[in-house]
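Here is the file target_31.cif (mmCIF, C-alpha atoms, pLDDT in the B column; chains and numbers go by the auth columns).
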```
data_coords
#
loop_
_atom_site.group_PDB
_atom_site.id
_atom_site.type_symbol
_atom_site.label_atom_id
_atom_site.label_comp_id
_atom_site.label_asym_id
_atom_site.label_seq_id
_atom_site.Cartn_x
_atom_site.Cartn_y
_atom_site.Cartn_z
_atom_site.B_iso_or_equiv
_atom_site.auth_seq_id
_atom_site.auth_asym_id
ATOM 1 C CA MET A 1 -25.231 -7.825 3.107 83.00 1 D
ATOM 2 C CA LYS A 2 -21.624 -6.712 3.669 85.00 2 D
ATOM 3 C CA LYS A 3 -20.509 -10.331 4.081 87.00 3 D
ATOM 4 C CA ILE A 4 -22.148 -11.265 0.785 90.00 4 D
ATOM 5 C CA LEU A 5 -20.393 -8.362 -0.937 93.00 5 D
ATOM 6 C CA ASP A 6 -17.087 -9.455 0.593 92.00 6 D
ATOM 7 C CA TYR A 7 -17.417 -12.899 -1.001 93.00 7 D
ATOM 8 C CA VAL A 8 -18.620 -11.642 -4.379 94.00 8 D
ATOM 9 C CA LEU A 9 -16.102 -8.823 -4.757 95.00 9 D
ATOM 10 C CA SER A 10 -13.274 -10.998 -3.442 95.00 10 D
ATOM 11 C CA ALA A 11 -14.042 -13.635 -6.065 96.00 11 D
ATOM 12 C CA ILE A 12 -13.976 -10.986 -8.796 97.00 12 D
ATOM 13 C CA TYR A 13 -10.713 -9.436 -7.645 96.00 13 D
ATOM 14 C CA LEU A 14 -8.913 -12.707 -7.002 95.00 14 D
ATOM 15 C CA THR A 15 -9.903 -13.937 -10.454 97.00 15 D
ATOM 16 C CA HIS A 16 -8.434 -10.730 -11.846 98.00 16 D
ATOM 17 C CA PHE A 17 -5.348 -11.220 -9.653 97.00 17 D
ATOM 18 C CA GLY A 18 -4.735 -14.789 -10.824 97.00 18 D
ATOM 19 C CA LEU A 19 -5.304 -14.059 -14.515 98.00 19 D
ATOM 20 C CA THR A 20 -3.014 -11.025 -14.319 98.00 20 D
ATOM 21 C CA LEU A 21 -0.216 -13.143 -12.851 98.00 21 D
ATOM 22 C CA LEU A 22 -0.603 -15.767 -15.572 98.00 22 D
ATOM 23 C CA VAL A 23 -0.740 -13.317 -18.486 98.00 23 D
ATOM 24 C CA PHE A 24 2.165 -11.216 -17.242 98.00 24 D
ATOM 25 C CA HIS A 25 4.280 -14.285 -16.541 98.00 25 D
ATOM 26 C CA VAL A 26 4.233 -15.036 -20.268 98.00 26 D
ATOM 27 C CA LEU A 27 4.874 -11.370 -21.108 98.00 27 D
ATOM 28 C CA GLN A 28 7.818 -11.265 -18.686 98.00 28 D
ATOM 29 C CA VAL A 29 9.479 -14.318 -20.225 98.00 29 D
ATOM 30 C CA ILE A 30 9.115 -12.878 -23.723 98.00 30 D
ATOM 31 C CA ALA A 31 10.303 -9.429 -22.644 98.00 31 D
ATOM 32 C CA PHE A 32 13.359 -10.715 -20.787 98.00 32 D
ATOM 33 C CA HIS A 33 14.576 -13.138 -23.451 98.00 33 D
ATOM 34 C CA VAL A 34 13.689 -11.118 -26.543 98.00 34 D
ATOM 35 C CA PHE A 35 14.013 -7.469 -25.515 97.00 35 D
ATOM 36 C CA GLY A 36 16.182 -7.520 -22.382 97.00 36 D
ATOM 37 C CA LYS A 37 16.104 -6.263 -18.829 96.00 37 D
ATOM 38 C CA LYS A 38 14.807 -2.756 -19.524 96.00 38 D
ATOM 39 C CA VAL A 39 11.657 -3.978 -21.255 98.00 39 D
ATOM 40 C CA HIS A 40 11.261 -6.710 -18.647 98.00 40 D
ATOM 41 C CA LYS A 41 11.208 -4.043 -15.923 98.00 41 D
ATOM 42 C CA ALA A 42 8.529 -2.094 -17.812 98.00 42 D
ATOM 43 C CA VAL A 43 6.403 -5.244 -18.011 98.00 43 D
ATOM 44 C CA VAL A 44 6.833 -5.814 -14.265 98.00 44 D
ATOM 45 C CA ASP A 45 5.827 -2.210 -13.588 98.00 45 D
ATOM 46 C CA TYR A 46 2.565 -2.683 -15.469 98.00 46 D
ATOM 47 C CA LEU A 47 1.962 -6.045 -13.853 98.00 47 D
ATOM 48 C CA ASN A 48 1.927 -4.193 -10.541 98.00 48 D
ATOM 49 C CA PHE A 49 -0.206 -1.396 -11.970 98.00 49 D
ATOM 50 C CA PHE A 50 -2.949 -3.920 -12.768 98.00 50 D
ATOM 51 C CA LEU A 51 -2.584 -5.701 -9.417 98.00 51 D
ATOM 52 C CA THR A 52 -2.764 -2.402 -7.526 97.00 52 D
ATOM 53 C CA TYR A 53 -5.635 -0.710 -9.321 97.00 53 D
ATOM 54 C CA GLY A 54 -7.502 -3.981 -9.570 97.00 54 D
ATOM 55 C CA LEU A 55 -8.122 -3.448 -5.856 97.00 55 D
ATOM 56 C CA TYR A 56 -10.826 -1.005 -6.902 97.00 56 D
ATOM 57 C CA LEU A 57 -12.823 -4.107 -7.856 97.00 57 D
ATOM 58 C CA THR A 58 -13.285 -4.697 -4.111 97.00 58 D
ATOM 59 C CA GLY A 59 -14.648 -1.187 -3.631 96.00 59 D
ATOM 60 C CA SER A 60 -11.506 -0.222 -1.767 96.00 60 D
ATOM 61 C CA ARG A 61 -9.864 3.186 -1.710 96.00 61 D
ATOM 62 C CA ILE A 62 -6.146 3.528 -2.476 96.00 62 D
ATOM 63 C CA THR A 63 -4.057 6.419 -1.182 95.00 63 D
ATOM 64 C CA LEU A 64 -0.398 7.220 -1.796 93.00 64 D
ATOM 65 C CA GLN A 65 1.150 10.106 0.083 93.00 65 D
ATOM 66 C CA ASN A 66 4.706 11.169 -0.619 95.00 66 D
ATOM 67 C CA LEU A 67 5.874 13.447 2.183 93.00 67 D
ATOM 68 C CA THR A 68 9.445 13.860 0.983 94.00 68 D
ATOM 69 C CA GLN A 69 11.585 14.704 -2.026 93.00 69 D
ATOM 70 C CA LEU A 70 13.375 11.529 -3.059 96.00 70 D
ATOM 71 C CA PRO A 71 16.847 11.880 -4.592 95.00 71 D
ATOM 72 C CA ASP A 72 17.658 10.710 -8.106 91.00 72 D
ATOM 73 C CA ASN A 73 21.431 10.461 -7.703 92.00 73 D
ATOM 74 C CA ARG A 74 21.959 8.163 -4.727 96.00 74 D
ATOM 75 C CA PRO A 75 20.804 4.726 -3.569 98.00 75 D
ATOM 76 C CA ILE A 76 17.729 4.478 -1.375 98.00 76 D
ATOM 77 C CA ILE A 77 16.810 1.842 1.200 98.00 77 D
ATOM 78 C CA PHE A 78 13.058 1.835 1.716 98.00 78 D
ATOM 79 C CA VAL A 79 12.072 0.460 5.130 98.00 79 D
ATOM 80 C CA ALA A 80 8.407 -0.531 5.528 97.00 80 D
ATOM 81 C CA ASN A 81 6.106 -2.230 7.974 96.00 81 D
ATOM 82 C CA HIS A 82 4.527 -5.374 6.552 92.00 82 D
ATOM 83 C CA GLN A 83 0.839 -6.180 6.960 91.00 83 D
ATOM 84 C CA SER A 84 -0.098 -8.258 3.924 90.00 84 D
ATOM 85 C CA THR A 85 0.827 -9.716 0.558 89.00 85 D
ATOM 86 C CA PHE A 86 -1.056 -6.752 -0.890 93.00 86 D
ATOM 87 C CA ASP A 87 1.604 -4.341 0.416 95.00 87 D
ATOM 88 C CA ILE A 88 3.954 -5.124 -2.414 95.00 88 D
ATOM 89 C CA PRO A 89 2.353 -4.333 -5.819 96.00 89 D
ATOM 90 C CA ALA A 90 1.595 -0.723 -4.884 96.00 90 D
ATOM 91 C CA ILE A 91 5.161 -0.171 -3.663 96.00 91 D
ATOM 92 C CA ILE A 92 6.586 -1.426 -6.952 97.00 92 D
ATOM 93 C CA TRP A 93 4.187 0.661 -9.044 97.00 93 D
ATOM 94 C CA PHE A 94 4.335 3.906 -7.075 96.00 94 D
ATOM 95 C CA LEU A 95 8.132 3.775 -6.680 97.00 95 D
ATOM 96 C CA ARG A 96 8.940 2.345 -10.114 97.00 96 D
ATOM 97 C CA LYS A 97 11.186 5.326 -10.954 96.00 97 D
ATOM 98 C CA TYR A 98 13.643 4.100 -8.310 97.00 98 D
ATOM 99 C CA HIS A 99 13.784 0.489 -9.578 97.00 99 D
ATOM 100 C CA PRO A 100 12.976 -1.083 -6.187 96.00 100 D
ATOM 101 C CA ARG A 101 14.248 -4.581 -5.488 97.00 101 D
ATOM 102 C CA PHE A 102 13.084 -6.596 -2.505 95.00 102 D
ATOM 103 C CA VAL A 103 14.777 -8.577 0.189 95.00 103 D
ATOM 104 C CA SER A 104 12.597 -11.700 0.002 94.00 104 D
ATOM 105 C CA LYS A 105 12.540 -15.201 1.397 93.00 105 D
ATOM 106 C CA ILE A 106 13.925 -17.685 -1.094 95.00 106 D
ATOM 107 C CA GLU A 107 10.760 -19.814 -1.023 95.00 107 D
ATOM 108 C CA LEU A 108 8.979 -17.181 -3.112 93.00 108 D
ATOM 109 C CA SER A 109 11.448 -17.629 -5.979 93.00 109 D
ATOM 110 C CA LYS A 110 9.575 -20.742 -7.131 94.00 110 D
ATOM 111 C CA GLY A 111 5.981 -21.678 -7.757 94.00 111 D
ATOM 112 C CA VAL A 112 4.223 -18.313 -8.069 96.00 112 D
ATOM 113 C CA PRO A 113 3.525 -17.121 -11.643 97.00 113 D
ATOM 114 C CA SER A 114 5.029 -13.710 -12.464 98.00 114 D
ATOM 115 C CA ILE A 115 6.216 -13.049 -8.910 97.00 115 D
ATOM 116 C CA SER A 116 8.777 -15.862 -8.718 97.00 116 D
ATOM 117 C CA TYR A 117 10.104 -15.091 -12.198 97.00 117 D
ATOM 118 C CA ASN A 118 10.546 -11.419 -11.400 97.00 118 D
ATOM 119 C CA LEU A 119 12.310 -12.155 -8.114 97.00 119 D
ATOM 120 C CA ARG A 120 14.797 -14.391 -9.932 96.00 120 D
ATOM 121 C CA LYS A 121 15.445 -11.992 -12.820 96.00 121 D
ATOM 122 C CA SER A 122 15.269 -8.587 -11.144 95.00 122 D
ATOM 123 C CA GLY A 123 18.264 -8.895 -8.841 95.00 123 D
ATOM 124 C CA ALA A 124 16.233 -9.215 -5.637 97.00 124 D
ATOM 125 C CA ALA A 125 17.978 -10.626 -2.576 96.00 125 D
ATOM 126 C CA LEU A 126 16.575 -14.124 -2.093 97.00 126 D
ATOM 127 C CA ILE A 127 17.470 -15.194 1.408 94.00 127 D
ATOM 128 C CA ASN A 128 17.410 -18.558 3.120 94.00 128 D
ATOM 129 C CA ARG A 129 16.347 -17.831 6.690 88.00 129 D
ATOM 130 C CA LYS A 130 17.940 -21.097 7.837 89.00 130 D
ATOM 131 C CA ASP A 131 21.330 -20.143 6.390 93.00 131 D
ATOM 132 C CA GLY A 132 22.598 -16.906 7.915 90.00 132 D
ATOM 133 C CA LYS A 133 25.751 -16.777 5.806 95.00 133 D
ATOM 134 C CA GLN A 134 23.787 -17.115 2.562 95.00 134 D
ATOM 135 C CA ALA A 135 21.336 -14.419 3.674 95.00 135 D
ATOM 136 C CA VAL A 136 24.101 -11.950 4.484 96.00 136 D
ATOM 137 C CA THR A 137 25.828 -12.654 1.158 97.00 137 D
ATOM 138 C CA GLU A 138 22.612 -12.072 -0.798 97.00 138 D
ATOM 139 C CA ILE A 139 21.751 -8.842 0.995 97.00 139 D
ATOM 140 C CA ALA A 140 25.317 -7.579 0.565 98.00 140 D
ATOM 141 C CA ARG A 141 25.098 -8.310 -3.166 98.00 141 D
ATOM 142 C CA LEU A 142 21.900 -6.256 -3.361 98.00 142 D
ATOM 143 C CA GLY A 143 23.553 -3.440 -1.423 98.00 143 D
ATOM 144 C CA LYS A 144 26.405 -3.285 -3.924 98.00 144 D
ATOM 145 C CA LEU A 145 23.931 -3.389 -6.812 98.00 145 D
ATOM 146 C CA ILE A 146 21.920 -0.399 -5.602 98.00 146 D
ATOM 147 C CA HIS A 147 25.139 1.448 -4.794 98.00 147 D
ATOM 148 C CA ASP A 148 26.510 0.928 -8.306 97.00 148 D
ATOM 149 C CA GLU A 149 23.229 1.665 -10.093 97.00 149 D
ATOM 150 C CA LYS A 150 21.913 4.398 -7.750 97.00 150 D
ATOM 151 C CA THR A 151 18.642 2.476 -7.444 98.00 151 D
ATOM 152 C CA SER A 152 16.745 1.204 -4.411 98.00 152 D
ATOM 153 C CA ALA A 153 16.131 -1.757 -2.144 98.00 153 D
ATOM 154 C CA ILE A 154 13.032 -2.477 -0.076 97.00 154 D
ATOM 155 C CA ILE A 155 13.184 -4.380 3.175 97.00 155 D
ATOM 156 C CA PHE A 156 10.569 -5.349 5.746 96.00 156 D
ATOM 157 C CA PRO A 157 12.610 -5.362 8.971 95.00 157 D
ATOM 158 C CA GLU A 158 9.832 -7.097 10.924 91.00 158 D
ATOM 159 C CA GLY A 159 10.753 -10.174 8.882 80.00 159 D
ATOM 160 C CA THR A 160 7.154 -11.335 8.520 77.00 160 D
ATOM 161 C CA ARG A 161 3.641 -10.003 8.004 76.00 161 D
ATOM 162 C CA THR A 162 1.671 -8.572 10.924 77.00 162 D
ATOM 163 C CA ALA A 163 -1.987 -8.308 9.908 68.00 163 D
ATOM 164 C CA SER A 164 -3.021 -6.816 13.255 69.00 164 D
ATOM 165 C CA GLY A 165 -1.182 -3.587 12.490 69.00 165 D
ATOM 166 C CA ILE A 166 0.804 -3.866 15.730 80.00 166 D
ATOM 167 C CA MET A 167 4.374 -3.846 14.515 89.00 167 D
ATOM 168 C CA LYS A 168 6.888 -6.425 15.626 90.00 168 D
ATOM 169 C CA PRO A 169 10.452 -5.387 16.502 92.00 169 D
ATOM 170 C CA PHE A 170 12.531 -4.120 13.581 95.00 170 D
ATOM 171 C CA VAL A 171 15.558 -6.388 13.170 94.00 171 D
ATOM 172 C CA PRO A 172 18.581 -4.284 12.114 94.00 172 D
ATOM 173 C CA GLY A 173 20.738 -6.941 10.424 95.00 173 D
ATOM 174 C CA GLY A 174 19.431 -6.532 6.882 96.00 174 D
ATOM 175 C CA VAL A 175 19.674 -2.745 6.853 97.00 175 D
ATOM 176 C CA ALA A 176 23.136 -2.882 8.438 97.00 176 D
ATOM 177 C CA THR A 177 24.334 -5.227 5.684 97.00 177 D
ATOM 178 C CA LEU A 178 22.852 -3.065 2.925 98.00 178 D
ATOM 179 C CA LEU A 179 24.530 0.017 4.389 98.00 179 D
ATOM 180 C CA LYS A 180 27.929 -1.688 4.450 97.00 180 D
ATOM 181 C CA ARG A 181 27.782 -1.964 0.656 97.00 181 D
ATOM 182 C CA ALA A 182 25.770 1.227 0.050 97.00 182 D
ATOM 183 C CA PRO A 183 26.961 3.583 2.827 96.00 183 D
ATOM 184 C CA ASP A 184 25.650 6.664 1.007 96.00 184 D
ATOM 185 C CA ALA A 185 22.083 5.296 0.800 98.00 185 D
ATOM 186 C CA LEU A 186 19.220 7.349 2.170 98.00 186 D
ATOM 187 C CA ILE A 187 16.907 5.432 4.520 98.00 187 D
ATOM 188 C CA VAL A 188 13.264 6.180 3.666 98.00 188 D
ATOM 189 C CA PRO A 189 10.432 4.777 5.842 98.00 189 D
ATOM 190 C CA ILE A 190 7.131 3.739 4.259 98.00 190 D
ATOM 191 C CA ALA A 191 4.024 3.469 6.432 97.00 191 D
ATOM 192 C CA ILE A 192 1.555 0.882 5.127 96.00 192 D
ATOM 193 C CA ASN A 193 -1.916 0.868 6.598 95.00 193 D
ATOM 194 C CA GLY A 194 -5.131 -1.044 5.982 93.00 194 D
ATOM 195 C CA THR A 195 -3.781 -4.016 4.059 93.00 195 D
ATOM 196 C CA GLY A 196 -3.761 -6.235 7.150 89.00 196 D
ATOM 197 C CA SER A 197 -7.439 -5.672 7.898 89.00 197 D
ATOM 198 C CA PHE A 198 -8.124 -6.046 4.165 91.00 198 D
ATOM 199 C CA ASN A 199 -7.423 -9.773 4.415 84.00 199 D
ATOM 200 C CA PRO A 200 -7.577 -10.608 8.140 71.00 200 D
ATOM 201 C CA ARG A 201 -8.803 -14.163 7.572 69.00 201 D
ATOM 202 C CA GLY A 202 -6.312 -15.083 4.889 69.00 202 D
ATOM 203 C CA ILE A 203 -6.737 -14.665 1.163 74.00 203 D
ATOM 204 C CA PHE A 204 -10.514 -15.198 1.104 83.00 204 D
ATOM 205 C CA PRO A 205 -12.746 -13.433 1.662 92.00 205 D
ATOM 206 C CA LEU A 206 -11.197 -9.992 1.510 94.00 206 D
ATOM 207 C CA ASN A 207 -12.653 -7.086 3.425 93.00 207 D
ATOM 208 C CA SER A 208 -14.315 -4.975 0.734 95.00 208 D
ATOM 209 C CA PHE A 209 -14.543 -1.185 0.866 96.00 209 D
ATOM 210 C CA SER A 210 -11.283 -0.896 2.805 95.00 210 D
ATOM 211 C CA HIS A 211 -8.964 2.105 2.826 96.00 211 D
ATOM 212 C CA LEU A 212 -5.460 1.053 1.829 96.00 212 D
ATOM 213 C CA SER A 213 -2.671 3.587 2.181 97.00 213 D
ATOM 214 C CA TRP A 214 1.046 3.907 1.544 97.00 214 D
ATOM 215 C CA THR A 215 2.860 6.927 2.985 97.00 215 D
ATOM 216 C CA VAL A 216 6.448 7.692 1.976 98.00 216 D
ATOM 217 C CA LEU A 217 7.968 9.505 4.954 98.00 217 D
ATOM 218 C CA PRO A 218 10.948 11.890 5.179 97.00 218 D
ATOM 219 C CA GLY A 219 14.309 10.215 4.746 97.00 219 D
ATOM 220 C CA ILE A 220 16.812 9.458 7.490 97.00 220 D
ATOM 221 C CA GLU A 221 20.484 10.219 6.896 97.00 221 D
ATOM 222 C CA PRO A 222 22.479 7.202 8.147 96.00 222 D
ATOM 223 C CA ALA A 223 25.855 8.878 8.583 94.00 223 D
ATOM 224 C CA GLY A 224 27.164 8.463 12.111 92.00 224 D
ATOM 225 C CA LYS A 225 24.208 6.346 13.254 95.00 225 D
ATOM 226 C CA LYS A 226 23.956 2.677 14.156 95.00 226 D
ATOM 227 C CA ALA A 227 21.467 0.536 12.243 96.00 227 D
ATOM 228 C CA GLU A 228 19.544 -0.044 15.478 96.00 228 D
ATOM 229 C CA ASP A 229 19.080 3.700 15.971 97.00 229 D
ATOM 230 C CA ILE A 230 18.090 4.248 12.347 97.00 230 D
ATOM 231 C CA LEU A 231 15.437 1.560 12.553 97.00 231 D
ATOM 232 C CA ALA A 232 14.146 2.828 15.884 96.00 232 D
ATOM 233 C CA GLU A 233 13.668 6.225 14.239 97.00 233 D
ATOM 234 C CA ALA A 234 12.037 4.664 11.178 97.00 234 D
ATOM 235 C CA LYS A 235 9.685 2.537 13.272 97.00 235 D
ATOM 236 C CA GLU A 236 8.606 5.518 15.344 96.00 236 D
ATOM 237 C CA ALA A 237 7.904 7.544 12.195 97.00 237 D
ATOM 238 C CA ILE A 238 5.867 4.703 10.701 97.00 238 D
ATOM 239 C CA GLN A 239 3.911 4.188 13.911 95.00 239 D
ATOM 240 C CA ASN A 240 3.138 7.892 14.189 95.00 240 D
ATOM 241 C CA SER A 241 1.923 7.967 10.595 94.00 241 D
ATOM 242 C CA ILE A 242 -0.339 4.949 11.089 93.00 242 D
ATOM 243 C CA SER A 243 -1.731 6.366 14.319 88.00 243 D
ATOM 244 C CA LYS A 244 -2.737 9.592 12.564 81.00 244 D
ATOM 245 C CA SER A 245 -4.522 7.858 9.687 70.00 245 D
#
```
Here is the file; what I need is its structure written in the form of structure tokens.
Amino acid sequence: MKKILDYVLSAIYLTHFGLTLLVFHVLQVIAFHVFGKKVHKAVVDYLNFFLTYGLYLTGSRITLQNLTQLPDNRPIIFVANHQSTFDIPAIIWFLRKYHPRFVSKIELSKGVPSISYNLRKSGAALINRKDGKQAVTEIARLGKLIHDEKTSAIIFPEGTRTASGIMKPFVPGGVATLLKRAPDALIVPIAINGTGSFNPRGIFPLNSFSHLSWTVLPGIEPAGKKAEDILAEAKEAIQNSISKS
């Protein structure tokens, strides 16, 4: 019976997911070209609202815990483990006040309705993993942007998704580059749990009635610390949070 529900509820949610991307792609284009970047951001926020809360169509439970007071007057670098494609909409919606921009592989900047358009227009760092110089330049540009605007960047230092929940090593290069351009940024870990087991076999079928959680953990002051040490501390905090849930 559970397997049947997985297929039925997955079909319903993924239909919702696809239609939402198509509708909001059109809304994004109109918002950006007619009303400007501020309205475009609001449209993107609500795109991610619908993608996130649409997860209820699978019978899943969504939990956000914020265990820290985030500053309004300094840049923030959010550091998260990465289990699934479904990690991202909730981060954008829950942290929309801080205007989060992602470090993303450049392949995602084309071919995906709504998502590719937003990556190109939002100021995200679009990196070519085969071109180290280009990647560093893009991440540095994002670091300067969040420094100047007092906004935030989000990076997955594992570099790829790990559906098993067992985290891969955190690679420090991206965070180190961001900190060079935004040395006053606060490093804030985010523990993501449940999204990997939500789609363990790929996009279909999803695992209905899952518990999906995002936990914003206390920030780490970077002053006087190497990027390797910062990430080791962030990884330990994320692992401890996941182990308790």
Practice task
Could you check how far CA of Asn48 in chain D sits from CA of Pro183 in chain D, in Å to one decimal?
Solution key: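 Interatomic distance here is 29.4 Å.
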Problem - Matched chain/residue IDs from the PyMOL selection byres ((chain D and resi 175) around 9), as JSON, numbers by chain - result: {"D": [77, 79, 139, 155, 157, 171, 172, 173, 174, 176, 177, 178, 179, 180, 187, 227, 231]}
Suppose we keep C-alpha atoms; can you now write the selection as a JSON list (two decimals), in the coordinates of the input?
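Output file out.json is given in full below:
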```
[["chain", "number", "residue", "atom", "x", "y", "z"],
["D", 77, "ILE", "CA", 16.81, 1.84, 1.20],
["D", 79, "VAL", "CA", 12.07, 0.46, 5.13],
["D", 139, "ILE", "CA", 21.75, -8.84, 1.00],
["D", 155, "ILE", "CA", 13.18, -4.38, 3.18],
["D", 157, "PRO", "CA", 12.61, -5.36, 8.97],
["D", 171, "VAL", "CA", 15.56, -6.39, 13.17],
["D", 172, "PRO", "CA", 18.58, -4.28, 12.11],
["D", 173, "GLY", "CA", 20.74, -6.94, 10.42],
["D", 174, "GLY", "CA", 19.43, -6.53, 6.88],
["D", 176, "ALA", "CA", 23.14, -2.88, 8.44],
["D", 177, "THR", "CA", 24.33, -5.23, 5.68],
["D", 178, "LEU", "CA", 22.85, -3.06, 2.92],
["D", 179, "LEU", "CA", 24.53, 0.02, 4.39],
["D", 180, "LYS", "CA", 27.93, -1.69, 4.45],
["D", 187, "ILE", "CA", 16.91, 5.43, 4.52],
["D", 227, "ALA", "CA", 21.47, 0.54, 12.24],
["D", 231, "LEU", "CA", 15.44, 1.56, 12.55]]
```
Practice task
Tell me which residues the PyMOL selection byres ((chain D and resi 105) around 12) grabs here, as a ChimeraX atom specification.
Solution key: /D:102-104,106-110,116,119-120,124-131,134-135,138-139,155-156,159-160
Please produce a file of the residues just selected, as a compact mmCIF listing (two decimals), keeping the file's coordinate frame, where the atoms kept are C-alpha atoms.
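Below is the file selection-v8.txt, written as the result:
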```
# COMPACT_ATOMS: atom_id res chain seq x y z
CA PHE D 102 13.08 -6.60 -2.50
CA VAL D 103 14.78 -8.58 0.19
CA SER D 104 12.60 -11.70 0.00
CA ILE D 106 13.92 -17.68 -1.09
CA GLU D 107 10.76 -19.81 -1.02
CA LEU D 108 8.98 -17.18 -3.11
CA SER D 109 11.45 -17.63 -5.98
CA LYS D 110 9.57 -20.74 -7.13
CA SER D 116 8.78 -15.86 -8.72
CA LEU D 119 12.31 -12.16 -8.11
CA ARG D 120 14.80 -14.39 -9.93
CA ALA D 124 16.23 -9.22 -5.64
CA ALA D 125 17.98 -10.63 -2.58
CA LEU D 126 16.58 -14.12 -2.09
CA ILE D 127 17.47 -15.19 1.41
CA ASN D 128 17.41 -18.56 3.12
CA ARG D 129 16.35 -17.83 6.69
CA LYS D 130 17.94 -21.10 7.84
CA ASP D 131 21.33 -20.14 6.39
CA GLN D 134 23.79 -17.11 2.56
CA ALA D 135 21.34 -14.42 3.67
CA GLU D 138 22.61 -12.07 -0.80
CA ILE D 139 21.75 -8.84 1.00
CA ILE D 155 13.18 -4.38 3.18
CA PHE D 156 10.57 -5.35 5.75
CA GLY D 159 10.75 -10.17 8.88
CA THR D 160 7.15 -11.34 8.52
```
Practice task
Give me, please, the distance in Å between CA of Val34 in chain D and CA of Leu51 in chain D, quoted to one decimal.
Solution key: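 Distance reported for this atom pair: 24.2 Å.
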Practice task
Provide the CA of Thr162 in chain D to CA of Gln83 in chain D distance in Å, to one decimal place.
Solution key: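 Taking CA of Thr162 in chain D and CA of Gln83 in chain D, their separation equals 4.7 Å.
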For the file shown, what are the residues hit by the PyMOL selection byres ((chain D and resi 53-59) around 7), laid out as a compact mmCIF listing (two decimals) with C-alpha atoms, in the coordinates of the input?
```txt
# COMPACT_ATOMS: atom_id res chain seq x y z
CA LEU D 9 -16.10 -8.82 -4.76
CA SER D 10 -13.27 -11.00 -3.44
CA TYR D 13 -10.71 -9.44 -7.64
CA PHE D 49 -0.21 -1.40 -11.97
CA PHE D 50 -2.95 -3.92 -12.77
CA LEU D 51 -2.58 -5.70 -9.42
CA THR D 52 -2.76 -2.40 -7.53
CA SER D 60 -11.51 -0.22 -1.77
CA ARG D 61 -9.86 3.19 -1.71
CA SER D 208 -14.32 -4.97 0.73
CA PHE D 209 -14.54 -1.18 0.87
```
Handout entry: Among listed residues D:Lys226, D:Asn73, D:Leu142, D:Asp87, nearest Gly196 in chain D (using only C-alpha atoms)
Key =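 Once distances to Gly196 in chain D are computed over only C-alpha atoms, the minimum belongs to D:Asp87.
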Practice task
Check the smallest atom-to-atom distance from each of D:Ile203, D:Ala80, D:Leu217, D:Ala191 to Ile154 in chain D using all atoms listed in the file, then report the winner.
Solution key: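 Under the stated criterion, the closest residue is D:Ala80.
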Have range 31-40 of chain D completed to N, CA, C and O atoms, please, and pass it along as a PDB file, in the frame of the given file.
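What follows is the written file selection.pdb:
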```
ATOM      1  N   ALA D  31       9.582 -10.694 -22.758  1.00 98.00           N
ATOM      2  CA  ALA D  31      10.303  -9.429 -22.644  1.00 98.00           C
ATOM      3  C   ALA D  31      11.756  -9.645 -22.256  1.00 98.00           C
ATOM      4  O   ALA D  31      12.660  -9.047 -22.852  1.00 98.00           O
ATOM      5  N   PHE D  32      11.992 -10.513 -21.273  1.00 98.00           N
ATOM      6  CA  PHE D  32      13.359 -10.715 -20.787  1.00 98.00           C
ATOM      7  C   PHE D  32      14.246 -11.351 -21.850  1.00 98.00           C
ATOM      8  O   PHE D  32      15.378 -10.912 -22.078  1.00 98.00           O
ATOM      9  N   HIS D  33      13.739 -12.380 -22.512  1.00 98.00           N
ATOM     10  CA  HIS D  33      14.576 -13.138 -23.451  1.00 98.00           C
ATOM     11  C   HIS D  33      14.666 -12.493 -24.831  1.00 98.00           C
ATOM     12  O   HIS D  33      15.657 -12.708 -25.538  1.00 98.00           O
ATOM     13  N   VAL D  34      13.682 -11.718 -25.203  1.00 98.00           N
ATOM     14  CA  VAL D  34      13.689 -11.118 -26.543  1.00 98.00           C
ATOM     15  C   VAL D  34      14.176  -9.669 -26.509  1.00 98.00           C
ATOM     16  O   VAL D  34      14.965  -9.249 -27.361  1.00 98.00           O
ATOM     17  N   PHE D  35      13.738  -8.904 -25.516  1.00 97.00           N
ATOM     18  CA  PHE D  35      14.013  -7.469 -25.515  1.00 97.00           C
ATOM     19  C   PHE D  35      14.977  -7.023 -24.416  1.00 97.00           C
ATOM     20  O   PHE D  35      15.490  -5.908 -24.465  1.00 97.00           O
ATOM     21  N   GLY D  36      15.205  -7.852 -23.408  1.00 97.00           N
ATOM     22  CA  GLY D  36      16.182  -7.520 -22.382  1.00 97.00           C
ATOM     23  C   GLY D  36      15.596  -6.970 -21.099  1.00 97.00           C
ATOM     24  O   GLY D  36      14.384  -6.852 -20.928  1.00 97.00           O
ATOM     25  N   LYS D  37      16.494  -6.611 -20.198  1.00 96.00           N
ATOM     26  CA  LYS D  37      16.104  -6.263 -18.829  1.00 96.00           C
ATOM     27  C   LYS D  37      15.265  -4.996 -18.749  1.00 96.00           C
ATOM     28  O   LYS D  37      14.369  -4.882 -17.906  1.00 96.00           O
ATOM     29  N   LYS D  38      15.540  -4.017 -19.595  1.00 96.00           N
ATOM     30  CA  LYS D  38      14.807  -2.756 -19.524  1.00 96.00           C
ATOM     31  C   LYS D  38      13.333  -2.951 -19.842  1.00 96.00           C
ATOM     32  O   LYS D  38      12.450  -2.423 -19.148  1.00 96.00           O
ATOM     33  N   VAL D  39      13.055  -3.718 -20.888  1.00 98.00           N
ATOM     34  CA  VAL D  39      11.657  -3.978 -21.255  1.00 98.00           C
ATOM     35  C   VAL D  39      11.016  -4.899 -20.220  1.00 98.00           C
ATOM     36  O   VAL D  39       9.840  -4.738 -19.876  1.00 98.00           O
ATOM     37  N   HIS D  40      11.787  -5.843 -19.703  1.00 98.00           N
ATOM     38  CA  HIS D  40      11.261  -6.710 -18.647  1.00 98.00           C
ATOM     39  C   HIS D  40      10.801  -5.888 -17.450  1.00 98.00           C
ATOM     40  O   HIS D  40       9.719  -6.121 -16.893  1.00 98.00           O
TER      41      HIS D  40
END
```
